[in-house]
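S.K.: Contents are CSV, N, CA and C atoms; file name protein.csv:
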chain,number,residue,atom,x,y,z
A,1,MET,N,-69.0,-12.6,131.1
A,1,MET,CA,-68.4,-11.3,131.0
A,1,MET,C,-67.1,-11.2,131.8
A,2,THR,N,-67.1,-11.8,133.0
A,2,THR,CA,-65.9,-11.8,133.8
A,2,THR,C,-64.7,-12.5,133.2
A,3,ARG,N,-65.0,-13.6,132.5
A,3,ARG,CA,-64.0,-14.4,131.8
A,3,ARG,C,-63.3,-13.5,130.7
A,4,LEU,N,-64.1,-12.8,130.0
A,4,LEU,CA,-63.6,-11.9,129.0
A,4,LEU,C,-62.7,-10.8,129.6
A,5,ARG,N,-63.1,-10.2,130.7
A,5,ARG,CA,-62.3,-9.2,131.4
A,5,ARG,C,-61.0,-9.8,131.9
A,6,ALA,N,-61.0,-11.1,132.3
A,6,ALA,CA,-59.8,-11.7,132.8
A,6,ALA,C,-58.9,-12.1,131.6
A,7,ALA,N,-59.5,-12.4,130.5
A,7,ALA,CA,-58.7,-12.9,129.4
A,7,ALA,C,-58.2,-11.8,128.4
A,8,ALA,N,-58.9,-10.6,128.5
A,8,ALA,CA,-58.6,-9.5,127.6
A,8,ALA,C,-57.1,-9.1,127.7
A,9,PRO,N,-56.6,-8.8,128.9
A,9,PRO,CA,-55.2,-8.4,128.9
A,9,PRO,C,-54.2,-9.4,128.4
A,10,LEU,N,-54.5,-10.7,128.6
A,10,LEU,CA,-53.7,-11.7,128.0
A,10,LEU,C,-53.7,-11.8,126.5
A,11,LEU,N,-54.9,-11.6,125.9
A,11,LEU,CA,-55.1,-11.6,124.5
A,11,LEU,C,-54.4,-10.4,123.9
A,12,VAL,N,-54.5,-9.2,124.5
A,12,VAL,CA,-53.8,-8.0,124.0
A,12,VAL,C,-52.3,-8.2,124.1
A,13,ALA,N,-51.8,-8.8,125.2
A,13,ALA,CA,-50.4,-9.0,125.3
A,13,ALA,C,-49.9,-10.0,124.2
A,14,ALA,N,-50.7,-11.0,123.9
A,14,ALA,CA,-50.3,-12.0,122.9
A,14,ALA,C,-50.2,-11.3,121.5
A,15,VAL,N,-51.2,-10.5,121.2
A,15,VAL,CA,-51.2,-9.8,119.9
A,15,VAL,C,-50.0,-8.8,119.8
A,16,LEU,N,-49.7,-8.1,120.9
A,16,LEU,CA,-48.6,-7.2,120.9
A,16,LEU,C,-47.3,-7.9,120.7
A,17,ALA,N,-47.2,-9.1,121.3
A,17,ALA,CA,-46.0,-9.9,121.2
A,17,ALA,C,-45.8,-10.4,119.8
A,18,ALA,N,-46.9,-10.8,119.2
A,18,ALA,CA,-46.9,-11.3,117.8
A,18,ALA,C,-46.5,-10.1,116.8
A,19,VAL,N,-47.0,-8.9,117.1
A,19,VAL,CA,-46.6,-7.8,116.2
A,19,VAL,C,-45.2,-7.5,116.4
A,20,ALA,N,-44.6,-7.6,117.6
A,20,ALA,CA,-43.2,-7.3,117.8
A,20,ALA,C,-42.3,-8.3,117.1
A,21,VAL,N,-42.7,-9.6,117.2
A,21,VAL,CA,-41.9,-10.6,116.5
A,21,VAL,C,-42.0,-10.4,115.0
A,22,ALA,N,-43.1,-10.1,114.4
A,22,ALA,CA,-43.3,-9.8,113.0
A,22,ALA,C,-42.4,-8.6,112.6
A,23,THR,N,-42.4,-7.6,113.4
A,23,THR,CA,-41.6,-6.4,113.1
A,23,THR,C,-40.1,-6.7,113.1
A,24,VAL,N,-39.6,-7.5,114.0
A,24,VAL,CA,-38.2,-7.9,114.0
A,24,VAL,C,-37.9,-8.7,112.8
A,25,GLU,N,-38.7,-9.7,112.5
A,25,GLU,CA,-38.5,-10.6,111.4
A,25,GLU,C,-38.5,-9.8,110.1
A,26,GLY,N,-39.3,-8.8,110.0
A,26,GLY,CA,-39.4,-8.0,108.7
A,26,GLY,C,-38.4,-6.9,108.6
A,27,ALA,N,-37.5,-6.7,109.6
A,27,ALA,CA,-36.5,-5.6,109.6
A,27,ALA,C,-35.5,-5.8,108.4
A,28,GLY,N,-35.1,-7.0,108.1
A,28,GLY,CA,-34.3,-7.2,106.9
A,28,GLY,C,-32.9,-6.8,107.0
A,29,CYS,N,-32.2,-7.0,108.1
A,29,CYS,CA,-30.8,-6.6,108.3
A,29,CYS,C,-30.0,-7.9,108.3
A,30,ASP,N,-29.3,-8.2,107.2
A,30,ASP,CA,-28.5,-9.4,107.1
A,30,ASP,C,-27.2,-9.3,107.9
A,31,ASP,N,-26.6,-8.1,108.0
A,31,ASP,CA,-25.4,-8.0,108.7
A,31,ASP,C,-25.6,-7.1,110.0
A,32,PRO,N,-25.6,-7.8,111.2
A,32,PRO,CA,-25.9,-7.0,112.4
A,32,PRO,C,-24.8,-6.1,112.8
A,33,GLY,N,-23.6,-6.3,112.2
A,33,GLY,CA,-22.4,-5.4,112.6
A,33,GLY,C,-21.6,-6.0,113.7
A,34,ARG,N,-20.5,-5.4,114.0
A,34,ARG,CA,-19.6,-5.8,115.1
A,34,ARG,C,-18.8,-4.6,115.6
A,35,TYR,N,-18.4,-4.7,116.8
A,35,TYR,CA,-17.6,-3.6,117.4
A,35,TYR,C,-16.1,-4.0,117.3
A,36,GLU,N,-15.3,-3.1,116.8
A,36,GLU,CA,-13.9,-3.3,116.7
A,36,GLU,C,-13.2,-2.1,117.4
A,37,LEU,N,-12.0,-2.5,118.0
A,37,LEU,CA,-11.3,-1.4,118.8
A,37,LEU,C,-10.5,-0.6,117.8
A,38,GLY,N,-10.7,0.7,117.7
A,38,GLY,CA,-10.0,1.6,116.9
A,38,GLY,C,-9.1,2.5,117.6
A,39,VAL,N,-8.6,3.6,117.0
A,39,VAL,CA,-7.8,4.6,117.6
A,39,VAL,C,-8.6,5.3,118.7
A,40,ASN,N,-9.8,5.7,118.4
A,40,ASN,CA,-10.6,6.5,119.3
A,40,ASN,C,-11.5,5.6,120.2
A,41,GLY,N,-11.3,4.4,120.3
A,41,GLY,CA,-12.1,3.5,121.1
A,41,GLY,C,-12.9,2.5,120.2
A,42,TYR,N,-13.9,1.9,120.7
A,42,TYR,CA,-14.7,1.0,119.9
A,42,TYR,C,-15.5,1.7,118.9
A,43,GLU,N,-15.6,1.0,117.7
A,43,GLU,CA,-16.4,1.6,116.6
A,43,GLU,C,-17.2,0.5,116.0
A,44,LEU,N,-18.5,0.8,115.6
A,44,LEU,CA,-19.3,-0.2,115.0
A,44,LEU,C,-19.0,-0.3,113.5
A,45,VAL,N,-18.7,-1.5,113.1
A,45,VAL,CA,-18.3,-1.8,111.7
A,45,VAL,C,-19.4,-2.7,111.1
A,46,GLY,N,-19.9,-2.3,110.0
A,46,GLY,CA,-20.9,-3.1,109.3
A,46,GLY,C,-22.3,-2.7,109.9
A,47,GLY,N,-23.2,-3.5,109.7
A,47,GLY,CA,-24.6,-3.3,110.2
A,47,GLY,C,-25.4,-2.6,109.2
A,48,CYS,N,-26.6,-2.3,109.6
A,48,CYS,CA,-27.6,-1.7,108.8
A,48,CYS,C,-27.8,-0.2,109.0
A,49,ILE,N,-27.0,0.4,109.9
A,49,ILE,CA,-27.2,1.8,110.2
A,49,ILE,C,-26.1,2.6,109.5
A,50,ALA,N,-26.5,3.6,108.8
A,50,ALA,CA,-25.6,4.5,108.1
A,50,ALA,C,-25.4,5.7,109.0
A,51,PRO,N,-24.2,6.4,108.9
A,51,PRO,CA,-24.0,7.6,109.7
A,51,PRO,C,-25.1,8.6,109.7
A,52,GLY,N,-25.8,8.8,108.6
A,52,GLY,CA,-26.8,9.8,108.5
A,52,GLY,C,-28.1,9.4,109.2
A,53,ASP,N,-28.2,8.1,109.6
A,53,ASP,CA,-29.5,7.6,110.2
A,53,ASP,C,-29.6,8.1,111.6
A,54,LEU,N,-28.6,8.4,112.3
A,54,LEU,CA,-28.6,8.9,113.7
A,54,LEU,C,-28.4,10.4,113.7
A,55,VAL,N,-29.4,11.1,114.3
A,55,VAL,CA,-29.3,12.5,114.4
A,55,VAL,C,-28.9,12.9,115.8
A,56,VAL,N,-27.8,13.5,116.0
A,56,VAL,CA,-27.3,14.0,117.3
A,56,VAL,C,-27.4,15.5,117.3
A,57,PRO,N,-28.3,16.0,118.2
A,57,PRO,CA,-28.4,17.5,118.2
A,57,PRO,C,-27.2,18.2,118.8
A,58,GLU,N,-27.0,19.4,118.4
A,58,GLU,CA,-25.9,20.2,119.0
A,58,GLU,C,-26.2,20.5,120.5
A,59,PRO,N,-25.2,20.4,121.3
A,59,PRO,CA,-25.5,20.7,122.8
A,59,PRO,C,-25.9,22.2,122.9
A,60,GLY,N,-27.0,22.4,123.6
A,60,GLY,CA,-27.5,23.8,123.8
A,60,GLY,C,-26.8,24.4,125.0
A,61,GLN,N,-27.2,25.7,125.2
A,61,GLN,CA,-26.6,26.4,126.4
A,61,GLN,C,-27.4,25.9,127.6
A,62,GLN,N,-26.7,25.9,128.7
A,62,GLN,CA,-27.3,25.5,130.0
A,62,GLN,C,-28.1,26.7,130.6
A,63,PRO,N,-29.2,26.5,131.2
A,63,PRO,CA,-29.9,27.6,131.8
A,63,PRO,C,-29.1,28.1,133.0
A,64,PRO,N,-29.2,29.4,133.2
A,64,PRO,CA,-28.4,30.0,134.4
A,64,PRO,C,-28.8,29.4,135.7
A,65,ALA,N,-27.9,29.3,136.6
A,65,ALA,CA,-28.2,28.8,137.9
A,65,ALA,C,-29.1,29.7,138.6
A,66,PRO,N,-29.9,29.3,139.6
A,66,PRO,CA,-30.9,30.2,140.3
A,66,PRO,C,-30.2,31.4,141.0
A,67,THR,N,-28.9,31.2,141.4
A,67,THR,CA,-28.3,32.3,142.1
A,67,THR,C,-27.9,33.4,141.1
A,68,GLU,N,-27.8,33.1,139.8
A,68,GLU,CA,-27.4,34.1,138.8
A,68,GLU,C,-28.6,34.9,138.3
A,69,LEU,N,-29.8,34.5,138.7
A,69,LEU,CA,-31.0,35.1,138.2
A,69,LEU,C,-31.4,36.3,139.1
A,70,GLY,N,-30.6,36.6,140.1
A,70,GLY,CA,-30.9,37.7,141.0
A,70,GLY,C,-31.7,37.4,142.2
A,71,THR,N,-32.0,36.1,142.4
A,71,THR,CA,-32.7,35.7,143.6
A,71,THR,C,-31.7,35.4,144.7
A,72,PRO,N,-32.1,35.8,145.9
A,72,PRO,CA,-31.1,35.7,147.0
A,72,PRO,C,-30.9,34.2,147.4
A,73,ALA,N,-29.7,33.8,147.7
A,73,ALA,CA,-29.4,32.4,148.1
A,73,ALA,C,-29.9,32.2,149.4
A,74,LYS,N,-30.4,30.9,149.6
A,74,LYS,CA,-30.9,30.5,150.9
A,74,LYS,C,-29.7,30.2,151.8
A,75,SER,N,-29.8,30.7,153.1
A,75,SER,CA,-28.7,30.4,154.0
A,75,SER,C,-29.2,29.6,155.2
Kindly present the structure from the file in structure tokens form.

M.R.:
Amino acid sequence: MTRLRAAAPLLVAAVLAAVAVATVEGAGCDDPGRYELGVNGYELVGGCIAPGDLVVPEPGQQPPAPTELGTPAKS
């Protein structure tokens, strides 16, 4: 039983590593893309990512600072 407890984390790590390798192999991207210097800085050219794949949320409003909430400032 103690050998199983000692070997279990290694077996789990080996299985997770095999799953990670299989996932990368199955990704299917023939063109990894490259960065080129453009007018606005570096841009990714090529690759398997389309502009619609990345969702960038709109920046929200910042919460008011504690002094603006009506609490007295510590001095």

S.K.: Please list as a short mmCIF file (atom, residue, chain, number, x, y, z; two decimals) with N, CA and C atoms, in the coordinates of the input every residue within 6.5 Å of range 41-51 of chain A, counting only N, CA and C atoms and excluding residues in the same chain fewer than 4 positions away.

M.R.:
data_model
loop_
_atom_site.label_atom_id
_atom_site.label_comp_id
_atom_site.auth_asym_id
_atom_site.auth_seq_id
_atom_site.Cartn_x
_atom_site.Cartn_y
_atom_site.Cartn_z
N CYS A 29 -32.20 -7.00 108.10
CA CYS A 29 -30.80 -6.60 108.30
C CYS A 29 -30.00 -7.90 108.30
N ASP A 31 -26.60 -8.10 108.00
CA ASP A 31 -25.40 -8.00 108.70
C ASP A 31 -25.60 -7.10 110.00
N PRO A 32 -25.60 -7.80 111.20
CA PRO A 32 -25.90 -7.00 112.40
C PRO A 32 -24.80 -6.10 112.80
N GLY A 33 -23.60 -6.30 112.20
CA GLY A 33 -22.40 -5.40 112.60
C GLY A 33 -21.60 -6.00 113.70
N ARG A 34 -20.50 -5.40 114.00
CA ARG A 34 -19.60 -5.80 115.10
C ARG A 34 -18.80 -4.60 115.60
N TYR A 35 -18.40 -4.70 116.80
CA TYR A 35 -17.60 -3.60 117.40
C TYR A 35 -16.10 -4.00 117.30
N GLU A 36 -15.30 -3.10 116.80
CA GLU A 36 -13.90 -3.30 116.70
C GLU A 36 -13.20 -2.10 117.40
N LEU A 37 -12.00 -2.50 118.00
CA LEU A 37 -11.30 -1.40 118.80
C LEU A 37 -10.50 -0.60 117.80
#

S.K.: I need the residues of chain A that end up classed as strand (DSSP E or B) by DSSP on the backbone, written out as a PyMOL selection string.

M.R.: chain A and resi 34-38+41-45

S.K.: Pick out each residue of chain A that DSSP on the backbone tags as helix (DSSP H, G or I); I need them as number ranges by chain.

M.R.: A: 2-25, 51-53, 66-69

S.K.: For CA of Leu11 in chain A and atom N of Thr23 in chain A, determine how far apart the two atoms are, in Å to one decimal place.

M.R.: 17.3 Å

S.K.: Suppose you want the space between atom C of Arg3 in chain A and CA of Ala22 in chain A; what is it in Å?

M.R.: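 Distance reported for this atom pair: 27.0 Å.
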
S.K.: Hey, can you check how far CA of Ala20 in chain A sits from CA of Val55 in chain A?

M.R.: 24.4 Å
